[in-house]
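Working notes for the structure below.
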Amino acid sequence: MASYIARRVAYLIPIWLGITLLAFLISTLAPGDPAQIYFQRTRGRQPTQQELQIVRERFNLDEPVVEQYLSWLSGAVRGDLGVSFTTGKPVLDELLLRFPATLTLAFWATVVTVVVAIPIGILAAIRRNSVLDQVTRAMSMLGASIPSFWLALLLIILFSVKLQWLPASGQQGWESLILPALALGLGDAAVVARLTRSSLLEIINEDYVKTARAKGLSEGRIMIRHILRNGMGAVVTQIGLAFGFLLAYSAIVEVIFVWPGIGRLAVDAIGQRDYTMIQGFVVFAGSIFVLINLAVDLSYMWLDPRVTLSGDKAVAG
Amino acid sequence: MADAAVTASAPELQAPALLPPRSLLRQLGGDRTALAGLVILVLMYTAALAAPMIAPQDPNEQDVGNRYAPVSFEHPLGTDNLGRDELSRLLYGARVSLFTALGVGVAILAIGIVVGSIAGFAGGFVDGLLMRIVDVLLAFPSLLLALAITGMLGPGLLHLMVGMVAVWWTDYARMMRGLVLSMRERPFVESARAVGLPGRLVASRHVLPNIVGPVIVLGTVQTGRLLLALSALSFLGLGVQPPTSEWGAMLSEGQQYLASAPQLMVYPGIAITLAALGFNLLGDGLRDVLDPTMEH
């Protein structure tokens with residue numbers, strides 16, 4: 001197991017280098033002379049030839065592209081992602097300042113997903129082909145088709161404009177969290193509910209479940225001890241992966257609800273053509289996403305149904 | 001234990017024999033889900049194509065004296081914040097939204113097939129290199145990367161399409177490679193080789209036809225996802241620029257009048273959802289018909 005973890009972590013290194021290379025290459029797509037743009041942003045006037053040269057030297061812009069990448073990379077490894085084109089502050093500081101807000105939002109969106117999806121998925125599996133099962137199927141199809149940002153706007157119209165129960169923007173305590181968390185979490189809930197149903201259906205007919213039933217265990221006990229424990233591995237994996245995507249997809253929902261997270265920071269940076277910030281965001285978000293996938297893989301191994309299964313057989317048999 | 005985690009993230013795909021076209025259509029007709037999706041899509045694409053003929057007005061014609069007009073015979077869905085006919089904007093917007101999604105879908109399909117086939121047939125270093133590129137691109141949520149690329153290039157429909165194509169081809173490439181690799185081991189391919197058919201013929205007569213099914217299924221669902229991503233990025237202002245109408249851009253404009261004229265936000269949203277639903281229903285039905293080995 002330790003060697004697997006080591007191999008899995010070692011595999012991350014080339015991927016992470018690829019992410020930095022990609023972030024660097026993306027920034028070269030930007031039109032115009034970055035030195036000139038930087039000077040105009042920070043000083044508010046056209047630079048002279050001499051001043052341009054100073055900026056170029058400061059950011060190594062007159063070096064060959066490969067060396068530019070390497071010096072940028074050596075900074076990135078040490079946590080230095082450059083300074084923002086608009087504010088002049090370190091990019092990483094700004095990202096870290098905004099990250100907790102995004103994390104909070106993604107966490108509560110995941111809570112919404114779990115609370116809505118798991119009970120519905122379990123019920124749909126137990127009452128297979130019932131009306132509830134059919135409704136779940138239809139809702140999950142609809143959930144995969146509704147754009148989350150449109151759902152967000154509909155929630156605002158209903159709960160903020162018409163009913164005036166909840167605020168449509170800002171960070172005013174827990175009330176401000178409800179609508180964005182719902183907008184982000186409900187779409188995934190549809191997917192997770194279907195997955196819960198299909199994972200449980202696979203297990204319901206396993207031999208050890210029949211054995212448990214034959215022994216006369218109550219249905220509730222069978223569900224909790226034997227079916228849920230073994231059937232949730234795939235569901236937990238899906239929720240973990242969805243959490244990573246939430247961190248990224250929250251960008252649009254953050255813009256709509258004026259939520260001060262990294263997604264809105266990135267969208268604002270695009271609007272202001274703050275290239276270093278966009279570049280830093282790509283590295284930051286990519287790193288977080290890779291780490292989450294690593295955590296999911298490791299937890300999958302830990303939750304591996306076969307491991308639990310062999311432990312359970314001793315109990316059931 | 002280690003292998004479980006690895007294979008779980010890259011499920012091996014199996015390709016069934018492709019059905020002849022006529023029997024495929026008949027089977028689709030029998031599948032109510034697929035039929036519903038097909039009908040939705042045919043209607044929407046037809047309406048988009050016919051927009052110049054069926055739209056009541058020029059979509060950009062402003063009538064400032066007649067803003068936020070209610071539903072009437074002249075304006076079947078009312079008018080927007082500049083007095084433009086909402087239905088006309090929806091119909092012309094459909095042209096941009098639906099055909100951009102389709103165009104990006106075809107482009108990434110072509111790139112994915114080429115890259116995946118090269119990786120699958122070549123193997124070795126080429127395969128390793130191409131798949132590491134795919135791994136890096138998949139290390140990001142696609143929407144995020146498309147957002148960053150388009151943001152760097154600057155807003156505009158063409159830049160948005162470039163951004164989307166650059167990141168979304170990976171799913172097809174990975175799938176094609178998996179299919180090619182699994183095909184090489186299949187008995188009918190081995191026997192075709194054994195009787196001395198040249199490699200080119202083995203590929204075109206025996207391997208490719210068996211790959212079409214799963215690719216169509218993925219392509220259908222994928223185009224729906226592209227439509228959602230496109231409208232999301234347009235909503236953020238990265239796509240078409242005013243006054244051109246596009247569903248995501250219409251939502252973005254409508255958002256400013258959310259409290260006073262919520263109807264402006266409802267119609268484009270319904271259009272996006274309906275089209276995405278069409279792709280998902282069709283994809284779901286096609287999967288049942290073409291690819292019974294895949295669970296859903």
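Every chain in the structure tokens takes a letter, A first, then B, and so on in the order presented; its residues are numbered from 1, and the ligands are numbered from 1 following the presented order.
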For this session: At a cut-off of 9 Å, list the chain B residues touching chain A, using only C-alpha atoms, as a ChimeraX atom specification.
Result: /B:1-2,4-6,9,132-133,135-137,139-141,143-145,147-154,224-225,228-229,231-233,235-237,251,255,258-259,262,265-266,269-270,272-281,296
Problem set entry | Backbone DSSP call of alpha helix (DSSP H) for region 7-175 of chain A, listed as a PyMOL selection string | chain A and resi 7-27+34-43+49-58+65-77+91-126+131-143+148-155+175
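Among the candidates B:Leu282, B:Ala192, B:Val289, B:Val180, the one nearest to Leu38 (chain B) when counting only C-alpha atoms is B:Leu282.
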For this session: Show which residues sit within 9 Å of region 41-43 of chain A, as a PyMOL selection string. Count only C-alpha atoms, and ignore same-chain residues fewer than 4 positions away.
Result: chain A and resi 36-37+47+85-88
May I have the residues from that selection written out with N, CA, C and O atoms, as a PDB file, in the first residue's frame?
ATOM      1  N   GLN A  36       4.648  46.541 -21.881  1.00  0.00           N
ATOM      2  CA  GLN A  36       3.932  47.795 -22.093  1.00  0.00           C
ATOM      3  C   GLN A  36       2.619  47.820 -21.308  1.00  0.00           C
ATOM      4  O   GLN A  36       2.278  48.818 -20.669  1.00  0.00           O
ATOM      5  N   ILE A  37       1.883  46.659 -21.371  1.00  0.00           N
ATOM      6  CA  ILE A  37       0.608  46.590 -20.660  1.00  0.00           C
ATOM      7  C   ILE A  37       0.828  46.785 -19.166  1.00  0.00           C
ATOM      8  O   ILE A  37       0.121  47.541 -18.506  1.00  0.00           O
ATOM      9  N   PRO A  47       4.988  54.082 -21.535  1.00  0.00           N
ATOM     10  CA  PRO A  47       6.381  54.041 -21.098  1.00  0.00           C
ATOM     11  C   PRO A  47       7.319  54.555 -22.180  1.00  0.00           C
ATOM     12  O   PRO A  47       7.008  54.502 -23.371  1.00  0.00           O
ATOM     13  N   PHE A  85      -1.068  42.124 -12.417  1.00  0.00           N
ATOM     14  CA  PHE A  85      -0.932  43.254 -13.335  1.00  0.00           C
ATOM     15  C   PHE A  85      -1.776  44.439 -12.882  1.00  0.00           C
ATOM     16  O   PHE A  85      -1.480  45.570 -13.198  1.00  0.00           O
ATOM     17  N   THR A  86      -2.862  44.174 -12.163  1.00  0.00           N
ATOM     18  CA  THR A  86      -3.751  45.272 -11.778  1.00  0.00           C
ATOM     19  C   THR A  86      -3.430  45.828 -10.399  1.00  0.00           C
ATOM     20  O   THR A  86      -3.405  47.039 -10.218  1.00  0.00           O
ATOM     21  N   THR A  87      -3.201  44.966  -9.417  1.00  0.00           N
ATOM     22  CA  THR A  87      -3.018  45.490  -8.064  1.00  0.00           C
ATOM     23  C   THR A  87      -1.554  45.600  -7.677  1.00  0.00           C
ATOM     24  O   THR A  87      -1.232  46.302  -6.722  1.00  0.00           O
ATOM     25  N   GLY A  88      -0.670  44.885  -8.382  1.00  0.00           N
ATOM     26  CA  GLY A  88       0.736  44.925  -8.041  1.00  0.00           C
ATOM     27  C   GLY A  88       1.086  44.059  -6.840  1.00  0.00           C
ATOM     28  O   GLY A  88       2.228  43.994  -6.418  1.00  0.00           O
TER      29      GLY A  88
END
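Taking CA of Ser199 (chain A) and CA of Ile122 (chain A) as endpoints, the distance between them is 9.7 Å.
Those residues that approach region 106-113 of chain B to within 7 Å, counting only C-alpha atoms, are Leu102, Ser117, Val165, Trp168, Trp169, Thr170, Tyr172, Ala173 and Met176 of chain B; same-chain residues fewer than 4 positions away are not listed.
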Problem set entry | Spatial neighbours of Glu253 (chain B), max dist 10 Å, only C-alpha atoms, sep filter under 3 positions, as a ChimeraX atom specification | /B:80-81,235,237,242,245,247-250,256-258,264-265
For this session: Quote the spacing between CA of Glu94 (chain A) and CA of Gly32 (chain A) in Å to one decimal place.
Result: 24.7 Å
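Pairwise distance (CA of Asp62 (chain A), CA of Phe24 (chain A)) equals 15.6 Å.
Near Thr220 (chain B), within 6 Å and counting only C-alpha atoms, sit Val217, Leu218, Gln222, Thr223, Phe279 and Gly283 of chain B, not including residues fewer than 2 positions from it in the same chain.
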Exercise. Looking at A:Val131, A:Ile227, A:Val258, A:Leu241, which one is nearest to Ser176 (chain A), with distances taken over only C-alpha atoms?
Worked result: A:Val258
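Residues within 6 Å of region 181-186 of chain A, counting only C-alpha atoms and excluding same-chain residues fewer than 6 positions away, are Trp108, Ala109, Thr110, Val112, Thr113, Ser148, Leu151 and Ala152 of chain A.
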